[in-house]
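Heads up, model28.txt below (compact mmCIF, C-alpha atoms):
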```txt
# COMPACT_ATOMS: atom_id res chain seq x y z
CA MET A 7 -135.05 -78.17 23.22
CA PRO A 8 -132.56 -80.54 21.53
CA GLN A 9 -130.86 -79.28 18.40
CA THR A 10 -131.82 -80.62 15.00
CA PHE A 11 -128.93 -81.79 12.82
CA ALA A 12 -128.65 -82.88 9.21
CA SER A 13 -126.11 -85.07 7.44
CA ILE A 14 -125.65 -85.80 3.75
CA ASP A 15 -123.70 -88.70 2.28
CA LEU A 16 -123.08 -88.19 -1.43
CA GLY A 17 -121.82 -91.55 -2.57
CA THR A 18 -120.79 -92.94 -5.93
CA ASN A 19 -124.20 -94.55 -6.37
CA THR A 20 -126.60 -93.04 -3.83
CA ALA A 21 -127.25 -89.61 -2.29
CA ARG A 22 -128.70 -89.76 1.22
CA LEU A 23 -130.02 -87.21 3.69
CA LEU A 24 -130.71 -87.68 7.40
CA ILE A 25 -132.38 -85.07 9.59
CA GLY A 26 -132.55 -85.88 13.28
CA ARG A 27 -131.79 -85.20 16.90
CA VAL A 28 -129.25 -86.98 19.09
CA ASP A 29 -129.83 -88.49 22.54
CA GLY A 30 -126.48 -89.75 23.82
CA GLU A 31 -125.27 -91.98 20.96
CA GLU A 32 -128.81 -92.67 19.81
CA ILE A 33 -130.28 -90.89 16.79
CA VAL A 34 -133.91 -89.82 16.76
CA PRO A 35 -134.65 -89.56 13.02
CA LEU A 36 -137.00 -86.81 11.86
CA GLY A 37 -136.59 -87.36 8.14
CA VAL A 38 -134.66 -89.62 5.77
CA LYS A 39 -134.33 -89.15 2.01
CA ARG A 40 -132.35 -91.17 -0.48
CA GLN A 41 -131.97 -91.14 -4.22
CA ILE A 42 -129.89 -93.30 -6.54
CA THR A 43 -128.04 -90.73 -8.66
CA ARG A 44 -125.18 -92.98 -9.84
CA LEU A 45 -122.66 -90.17 -9.57
CA GLY A 46 -119.95 -92.58 -10.70
CA GLY A 47 -121.88 -93.61 -13.81
CA GLY A 48 -119.90 -92.81 -16.95
CA PHE A 49 -116.88 -91.79 -14.84
CA THR A 50 -113.56 -91.65 -16.67
CA ARG A 51 -110.07 -90.87 -15.45
CA GLU A 52 -109.71 -88.16 -18.09
CA ARG A 53 -113.09 -86.39 -17.68
CA GLY A 54 -114.08 -87.39 -14.16
CA ILE A 55 -117.79 -87.02 -13.32
CA SER A 56 -119.99 -87.19 -16.41
CA ALA A 57 -122.38 -84.35 -17.28
CA GLU A 58 -125.43 -86.59 -16.83
CA ALA A 59 -124.34 -87.87 -13.40
CA TRP A 60 -123.45 -84.30 -12.37
CA GLN A 61 -126.97 -83.10 -13.22
CA ARG A 62 -128.69 -86.04 -11.47
CA SER A 63 -126.73 -85.42 -8.29
CA ARG A 64 -127.23 -81.65 -8.38
CA ASP A 65 -131.00 -82.15 -8.72
CA ALA A 66 -131.04 -84.48 -5.71
CA LEU A 67 -129.04 -82.04 -3.58
CA ILE A 68 -131.31 -79.14 -4.54
CA GLY A 69 -134.15 -81.17 -3.03
CA PHE A 70 -132.09 -82.02 0.05
CA ALA A 71 -131.28 -78.33 0.61
CA GLU A 72 -134.99 -77.50 0.63
CA GLU A 73 -135.65 -80.28 3.16
CA ILE A 74 -132.91 -78.91 5.43
CA ARG A 75 -134.29 -75.36 5.25
CA SER A 76 -137.83 -76.53 5.96
CA ALA A 77 -136.74 -78.56 9.01
CA GLY A 78 -135.04 -75.61 10.72
CA VAL A 79 -131.75 -77.47 11.03
CA SER A 80 -129.21 -75.81 13.31
CA ARG A 81 -126.11 -77.60 11.99
CA ALA A 82 -125.41 -79.70 8.92
CA ARG A 83 -122.51 -81.53 7.33
CA ALA A 84 -122.34 -82.95 3.82
CA VAL A 85 -119.62 -85.39 2.81
CA ALA A 86 -118.64 -86.72 -0.60
CA THR A 87 -116.68 -89.91 -1.07
CA SER A 88 -114.98 -91.97 -3.77
CA ALA A 89 -116.36 -90.52 -7.01
CA VAL A 90 -115.70 -86.91 -6.04
CA ARG A 91 -112.32 -87.49 -4.41
CA ASP A 92 -111.11 -89.41 -7.48
CA ALA A 93 -112.52 -87.04 -10.11
CA VAL A 94 -110.33 -84.57 -11.96
CA ASN A 95 -113.37 -82.25 -12.00
CA GLY A 96 -114.26 -82.90 -8.35
CA PRO A 97 -113.40 -79.35 -7.14
CA ALA A 98 -115.50 -77.83 -9.95
CA PHE A 99 -118.39 -80.14 -9.04
CA CYS A 100 -118.24 -79.08 -5.38
CA ALA A 101 -118.15 -75.39 -6.36
CA ASP A 102 -121.18 -75.88 -8.62
CA ILE A 103 -123.14 -77.66 -5.86
CA LEU A 104 -122.35 -74.84 -3.42
CA GLU A 105 -123.53 -72.25 -5.93
CA HIS A 106 -126.80 -74.00 -6.76
CA THR A 107 -127.75 -75.44 -3.36
CA GLY A 108 -125.77 -73.68 -0.63
CA ILE A 109 -124.44 -77.10 0.43
CA ALA A 110 -120.69 -77.14 1.08
CA LEU A 111 -119.56 -80.64 0.16
CA GLU A 112 -116.60 -81.89 2.19
CA VAL A 113 -114.56 -84.49 0.34
CA ILE A 114 -113.34 -87.01 2.92
CA ASP A 115 -110.61 -89.60 2.50
CA GLY A 116 -111.09 -93.33 2.85
CA ARG A 117 -109.76 -93.48 6.41
CA GLU A 118 -112.18 -90.87 7.73
CA GLU A 119 -114.98 -92.56 5.81
CA GLY A 120 -114.19 -95.85 7.55
CA LEU A 121 -114.03 -94.29 11.02
CA LEU A 122 -117.27 -92.34 10.61
CA THR A 123 -118.94 -95.49 9.31
CA LEU A 124 -117.79 -97.42 12.38
CA ARG A 125 -119.36 -94.84 14.68
CA GLY A 126 -122.62 -94.88 12.75
CA VAL A 127 -122.79 -98.68 12.64
CA LEU A 128 -122.17 -99.05 16.38
CA SER A 129 -125.02 -96.63 17.16
CA GLY A 130 -127.48 -99.11 15.67
CA LEU A 131 -126.04 -102.49 16.74
CA ASP A 132 -127.76 -104.60 19.37
CA ARG A 133 -124.33 -105.48 20.82
CA LYS A 134 -121.68 -102.77 20.92
CA HIS A 135 -118.81 -104.57 22.70
CA GLY A 136 -116.19 -106.99 21.45
CA ASP A 137 -114.26 -107.13 18.19
CA PHE A 138 -115.91 -106.01 14.95
CA CYS A 139 -114.89 -106.12 11.32
CA VAL A 140 -117.04 -103.52 9.57
CA PHE A 141 -117.09 -103.31 5.79
CA ASP A 142 -118.90 -100.72 3.70
CA VAL A 143 -119.41 -101.64 0.05
CA GLY A 144 -119.85 -98.40 -1.86
CA GLY A 145 -120.14 -97.45 -5.49
CA GLY A 146 -116.48 -96.56 -5.91
CA SER A 147 -114.67 -98.02 -2.90
CA THR A 148 -115.06 -100.44 0.00
CA GLU A 149 -113.85 -99.55 3.49
CA TYR A 150 -112.70 -102.14 6.03
CA THR A 151 -112.37 -101.29 9.73
CA LEU A 152 -111.30 -103.72 12.44
CA ALA A 153 -112.25 -102.43 15.87
CA ASP A 154 -112.34 -103.33 19.55
CA GLY A 155 -115.75 -101.89 20.36
CA ALA A 156 -115.57 -98.22 19.39
CA THR A 157 -111.76 -98.26 19.26
CA PRO A 158 -110.45 -98.65 15.70
CA LEU A 159 -107.44 -100.93 15.29
CA PHE A 160 -107.10 -100.96 11.50
CA THR A 161 -108.90 -99.16 8.70
CA GLU A 162 -108.32 -99.09 4.97
CA SER A 163 -110.20 -98.10 1.83
CA LEU A 164 -109.92 -100.36 -1.23
CA PRO A 165 -110.70 -99.34 -4.84
CA LEU A 166 -113.52 -101.87 -4.96
CA GLY A 167 -116.96 -100.44 -5.65
CA VAL A 168 -120.07 -101.75 -7.33
CA VAL A 169 -120.23 -99.03 -9.97
CA ARG A 170 -116.48 -99.13 -10.57
CA LEU A 171 -116.51 -102.93 -10.99
CA THR A 172 -119.71 -103.17 -13.00
CA GLU A 173 -118.68 -100.53 -15.52
CA GLY A 174 -114.99 -101.45 -15.58
CA LYS A 175 -114.90 -105.25 -15.59
CA PRO A 176 -116.54 -107.14 -18.48
CA ASP A 177 -117.39 -110.39 -16.70
CA ILE A 178 -117.74 -112.11 -13.33
CA SER A 179 -114.39 -113.87 -13.67
CA SER A 180 -112.57 -110.53 -14.08
CA MET A 181 -114.45 -109.08 -11.11
CA LYS A 182 -113.56 -112.05 -8.91
CA GLU A 183 -109.88 -111.77 -9.84
CA LYS A 184 -109.77 -108.04 -8.99
CA ILE A 185 -111.64 -108.52 -5.71
CA ALA A 186 -109.46 -111.44 -4.59
CA ARG A 187 -106.28 -109.51 -5.35
CA GLU A 188 -107.37 -106.46 -3.35
CA LEU A 189 -108.68 -108.47 -0.41
CA GLY A 190 -105.56 -110.62 -0.29
CA GLY A 191 -103.58 -107.42 0.09
CA VAL A 192 -105.71 -106.07 2.93
CA LYS A 193 -105.49 -109.41 4.78
CA SER A 194 -101.70 -109.29 4.49
CA ARG A 195 -101.62 -105.76 5.87
CA ILE A 196 -103.88 -106.71 8.80
CA ALA A 197 -101.47 -109.57 9.54
CA ALA A 198 -98.44 -107.26 9.26
CA GLU A 199 -99.93 -105.01 11.95
CA GLY A 200 -100.47 -107.99 14.23
CA TYR A 201 -104.27 -108.07 14.14
CA LEU A 202 -105.02 -111.21 12.13
CA ASP A 203 -105.91 -113.16 15.28
CA ARG A 204 -108.50 -110.50 16.13
CA LEU A 205 -110.56 -111.57 13.12
CA VAL A 206 -111.14 -114.93 14.83
CA GLY A 207 -114.23 -114.42 16.96
CA ALA A 208 -114.89 -110.94 15.58
CA ARG A 209 -118.35 -110.02 14.37
CA LEU A 210 -118.52 -109.20 10.67
CA VAL A 211 -120.85 -106.27 9.98
CA GLY A 212 -121.83 -105.24 6.48
CA THR A 213 -123.32 -101.81 5.85
CA ALA A 214 -124.64 -99.84 2.86
CA GLY A 215 -126.75 -100.85 -0.14
CA THR A 216 -125.35 -104.28 -0.97
CA ALA A 217 -125.69 -105.64 2.57
CA THR A 218 -129.16 -104.18 3.14
CA THR A 219 -130.34 -105.41 -0.27
CA LEU A 220 -129.15 -108.95 0.46
CA ALA A 221 -131.07 -108.82 3.75
CA ALA A 222 -134.18 -107.48 2.00
CA ILE A 223 -134.00 -110.29 -0.58
CA SER A 224 -133.59 -112.87 2.19
CA LEU A 225 -136.63 -111.39 3.97
CA LYS A 226 -138.61 -111.19 0.68
CA MET A 227 -139.47 -107.57 1.44
CA ASP A 228 -141.78 -105.75 -0.96
CA ASP A 229 -141.59 -102.62 1.20
CA TYR A 230 -138.22 -101.89 2.78
CA ASP A 231 -138.27 -101.71 6.60
CA TYR A 232 -134.93 -100.76 8.16
CA ARG A 233 -136.05 -102.09 11.57
CA ARG A 234 -136.25 -105.63 10.17
CA VAL A 235 -133.00 -105.29 8.20
CA ASN A 236 -130.85 -103.77 10.94
CA ASN A 237 -129.05 -106.50 12.94
CA TYR A 238 -130.33 -109.20 10.56
CA VAL A 239 -127.85 -112.10 10.27
CA LEU A 240 -127.09 -113.73 6.91
CA PRO A 241 -125.11 -116.99 6.69
CA ILE A 242 -122.62 -117.33 3.85
CA ALA A 243 -124.56 -120.26 2.35
CA GLU A 244 -127.64 -118.10 1.85
CA ILE A 245 -125.63 -115.33 0.20
CA ARG A 246 -124.19 -117.92 -2.20
CA ASP A 247 -127.74 -119.07 -2.95
CA ILE A 248 -128.88 -115.51 -3.65
CA LEU A 249 -125.98 -114.98 -6.05
CA ALA A 250 -126.79 -118.23 -7.85
CA ARG A 251 -130.39 -117.06 -8.27
CA LEU A 252 -129.46 -113.62 -9.60
CA VAL A 253 -126.61 -114.37 -12.00
CA PRO A 254 -128.68 -116.15 -14.71
CA LEU A 255 -131.29 -113.34 -14.73
CA SER A 256 -131.12 -110.22 -16.89
CA PRO A 257 -131.13 -106.91 -14.97
CA PRO A 258 -134.85 -106.31 -15.72
CA GLU A 259 -135.68 -109.85 -14.57
CA ARG A 260 -133.84 -109.26 -11.28
CA LEU A 261 -136.26 -106.43 -10.47
CA LYS A 262 -138.96 -109.08 -10.04
CA VAL A 263 -137.04 -110.50 -7.06
CA PRO A 264 -138.64 -109.14 -3.85
CA GLY A 265 -136.22 -106.89 -1.98
CA LEU A 266 -134.18 -105.75 -4.99
CA GLU A 267 -134.46 -101.99 -5.46
CA LYS A 268 -134.60 -100.41 -8.89
CA GLY A 269 -131.21 -98.94 -9.69
CA ARG A 270 -129.32 -101.88 -8.17
CA GLU A 271 -130.32 -104.58 -10.65
CA ASP A 272 -126.96 -104.50 -12.44
CA LEU A 273 -124.83 -103.55 -9.41
CA ILE A 274 -125.98 -106.29 -7.01
CA ILE A 275 -123.76 -108.93 -8.66
CA ALA A 276 -120.54 -106.99 -8.01
CA GLY A 277 -121.65 -106.16 -4.47
CA THR A 278 -122.46 -109.78 -3.68
CA LEU A 279 -119.11 -110.92 -5.07
CA ILE A 280 -117.32 -108.44 -2.78
CA THR A 281 -119.38 -109.66 0.18
CA LEU A 282 -118.67 -113.34 -0.47
CA ALA A 283 -114.95 -112.74 -1.04
CA THR A 284 -114.78 -110.74 2.19
CA MET A 285 -116.29 -113.63 4.11
CA GLU A 286 -114.22 -116.33 2.40
CA ILE A 287 -110.84 -114.58 2.50
CA LEU A 288 -111.18 -113.09 6.00
CA GLY A 289 -112.78 -116.25 7.41
CA PHE A 290 -116.39 -115.42 8.33
CA GLU A 291 -119.39 -117.76 8.15
CA GLN A 292 -122.05 -115.10 8.71
CA MET A 293 -122.63 -111.37 8.35
CA THR A 294 -124.65 -109.04 10.54
CA VAL A 295 -126.38 -106.38 8.43
CA SER A 296 -126.41 -102.75 9.53
CA ASP A 297 -128.81 -100.17 8.13
CA PHE A 298 -126.69 -97.58 9.97
CA GLY A 299 -123.38 -96.31 8.63
CA LEU A 300 -121.60 -93.26 7.28
CA LEU A 301 -124.70 -91.06 7.23
CA GLU A 302 -125.36 -91.67 10.92
CA GLY A 303 -121.68 -91.31 11.82
CA VAL A 304 -121.54 -87.90 10.16
CA LEU A 305 -124.62 -86.74 12.06
CA LEU A 306 -123.29 -88.01 15.41
CA GLY A 307 -120.03 -86.17 14.74
CA LEU A 308 -121.91 -82.86 14.65
CA LEU A 309 -122.65 -83.30 18.35
CA ASN A 310 -118.94 -83.08 19.23
CA SER A 311 -117.58 -80.65 16.65
```
Structure rendered as structure tokens:
Amino acid sequence: MPQTFASIDLGTNTARLLIGRVDGEEIVPLGVKRQITRLGGGFTRERGISAEAWQRSRDALIGFAEEIRSAGVSRARAVATSAVRDAVNGPAFCADILEHTGIALEVIDGREEGLLTLRGVLSGLDRKHGDFCVFDVGGGSTEYTLADGATPLFTESLPLGVVRLTEGKPDISSMKEKIARELGGVKSRIAAEGYLDRLVGARLVGTAGTATTLAAISLKMDDYDYRRVNNYVLPIAEIRDILARLVPLSPPERLKVPGLEKGREDLIIAGTLITLATMEILGFEQMTVSDFGLLEGVLLGLLNS
């Protein structure tokens, strides 16, 4: 009987759990849980993770641990990303989570995050060959990976995240300036490594909450269905239209827009700005949306480790 695996992605905004089996590079999901805990909410350089965010995330992981025990999982891996790796109290947070849940959080760096995301994304794409530019907009960072099929050519993590930008930048103009500066740098580094020409003809793939939310808004989805979102293609003009619709609305008013999940009503502006700047600066007219990403890449990695 195939083994049952579990993966946890504790991000700066969302905690996610996947329980499943693996057939080749295909995942057979048995259970998926997600909870917006906003681990990066109230984050400061001096104090790190706030007490409130710490408690929200611990509560979510207590529930995840029970799900893993109930499913009879044979192997599990839990990874933590930007908020924990940047926090002065990150080690104490991981020790506390281990004590209360039995989950050993592994803090991964931006490069590993990008590579695991690439593997997860490819497992769900309808076309797995050719050049890809995969970007993962998170709460605290955004990872960019340029790849020839499953072979990574360039990967880098930028300090651009929806929670980081929303809480740290007072207005859209300041956000745009920060995003453009960071993306200009990554484009220069891609060019310096001789890969700029590979972006021409590459397929841009966006993963994580911003990309899937934009797809859900485009599809006017009242009930999220990953099967409709995965591999959905969004042209840049439509993303500009969505931004123009959302900006004049207050966060509570945005929740009336079909497809916009509670907990993202303030963050979606920063995420959409990152998405548009990525397309404009790197030269893409459309984005393929992936519901697969880091969570799936972590689970697939258990098969080989």
If you take all atoms listed in the file and a cut-off of 8 Å, which residues of segment 142-247 of chain A touch segment 252-264 of chain A, and what are their nearest atom pairs and distances in Å to one decimal, in chain and number order, as a Markdown table?
```
| residue | atom | partner | partner_atom | distance |
| --- | --- | --- | --- | --- |
| A:Ala222 | CA | A:Pro264 | CA | 7.5 |
| A:Ile223 | CA | A:Pro264 | CA | 5.8 |
| A:Lys226 | CA | A:Pro264 | CA | 5.0 |
| A:Met227 | CA | A:Pro264 | CA | 5.6 |
| A:Asp228 | CA | A:Pro264 | CA | 5.5 |
```
Polymer residues at most 10 Å from Ile248 of chain A, only C-alpha atoms, same-chain spacing of 4 or more positions, as a compact mmCIF listing (two decimals) with C-alpha atoms, in the coordinates of the input:
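What landed in part.txt:
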```txt
# COMPACT_ATOMS: atom_id res chain seq x y z
CA LEU A 220 -129.15 -108.95 0.46
CA ILE A 223 -134.00 -110.29 -0.58
CA SER A 224 -133.59 -112.87 2.19
CA ILE A 242 -122.62 -117.33 3.85
CA ALA A 243 -124.56 -120.26 2.35
CA GLU A 244 -127.64 -118.10 1.85
CA LEU A 252 -129.46 -113.62 -9.60
CA VAL A 253 -126.61 -114.37 -12.00
CA ILE A 275 -123.76 -108.93 -8.66
CA THR A 278 -122.46 -109.78 -3.68
```
*Determine, counting only C-alpha atoms, which protein, DNA and RNA residues have an atom within 12 Å of an atom of Ile103 of chain A; residues of the same chain fewer than 3 positions away are not included. Present the result as JSON, numbers by chain.*
{"A": [16, 60, 61, 62, 63, 64, 65, 66, 67, 68, 69, 70, 71, 84, 86, 90, 96, 97, 98, 99, 100, 106, 107, 108, 109, 110, 111, 112]}
*Mind giving me the straight-line distance from atom CA of Leu131 of chain A to atom CA of Glu32 of chain A in Å, one decimal?*
10.7 Å
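For the pair atom CA of Thr151 of chain A and atom CA of Lys268 of chain A, the separation is 29.0 Å.
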*In Å, with one decimal, what is the gap from atom CA of Cys139 of chain A to atom CA of Ala186 of chain A?*
17.6 Å
Restrict the calculation to all atoms listed in the file, then for each residue of segment 111-214 of chain A with any atom at most 12 Å from an atom of segment 45-51 of chain A give the closest atom pair and their distance in Å to one decimal, rows by chain and rising residue number, as a Markdown table.
```
| residue | atom | partner | partner_atom | distance |
| --- | --- | --- | --- | --- |
| A:Gly144 | CA | A:Gly46 | CA | 10.6 |
| A:Gly145 | CA | A:Gly46 | CA | 7.1 |
| A:Gly146 | CA | A:Gly46 | CA | 7.1 |
| A:Ser147 | CA | A:Gly46 | CA | 10.9 |
| A:Gly167 | CA | A:Gly46 | CA | 9.8 |
| A:Val168 | CA | A:Gly46 | CA | 9.8 |
| A:Val169 | CA | A:Gly46 | CA | 6.5 |
| A:Arg170 | CA | A:Gly46 | CA | 7.4 |
| A:Leu171 | CA | A:Gly46 | CA | 10.9 |
| A:Thr172 | CA | A:Gly47 | CA | 9.8 |
| A:Glu173 | CA | A:Gly47 | CA | 7.8 |
| A:Gly174 | CA | A:Phe49 | CA | 9.9 |
```
Expected file: the selected residues, C-alpha atoms, as a short mmCIF file (atom, residue, chain, number, x, y, z; two decimals), keeping the file's coordinate frame:
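Result file follows (result_2.cif):
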```cif
data_model
loop_
_atom_site.label_atom_id
_atom_site.label_comp_id
_atom_site.auth_asym_id
_atom_site.auth_seq_id
_atom_site.Cartn_x
_atom_site.Cartn_y
_atom_site.Cartn_z
CA GLY A 144 -119.85 -98.40 -1.86
CA GLY A 145 -120.14 -97.45 -5.49
CA GLY A 146 -116.48 -96.56 -5.91
CA SER A 147 -114.67 -98.02 -2.90
CA GLY A 167 -116.96 -100.44 -5.65
CA VAL A 168 -120.07 -101.75 -7.33
CA VAL A 169 -120.23 -99.03 -9.97
CA ARG A 170 -116.48 -99.13 -10.57
CA LEU A 171 -116.51 -102.93 -10.99
CA THR A 172 -119.71 -103.17 -13.00
CA GLU A 173 -118.68 -100.53 -15.52
CA GLY A 174 -114.99 -101.45 -15.58
#
```
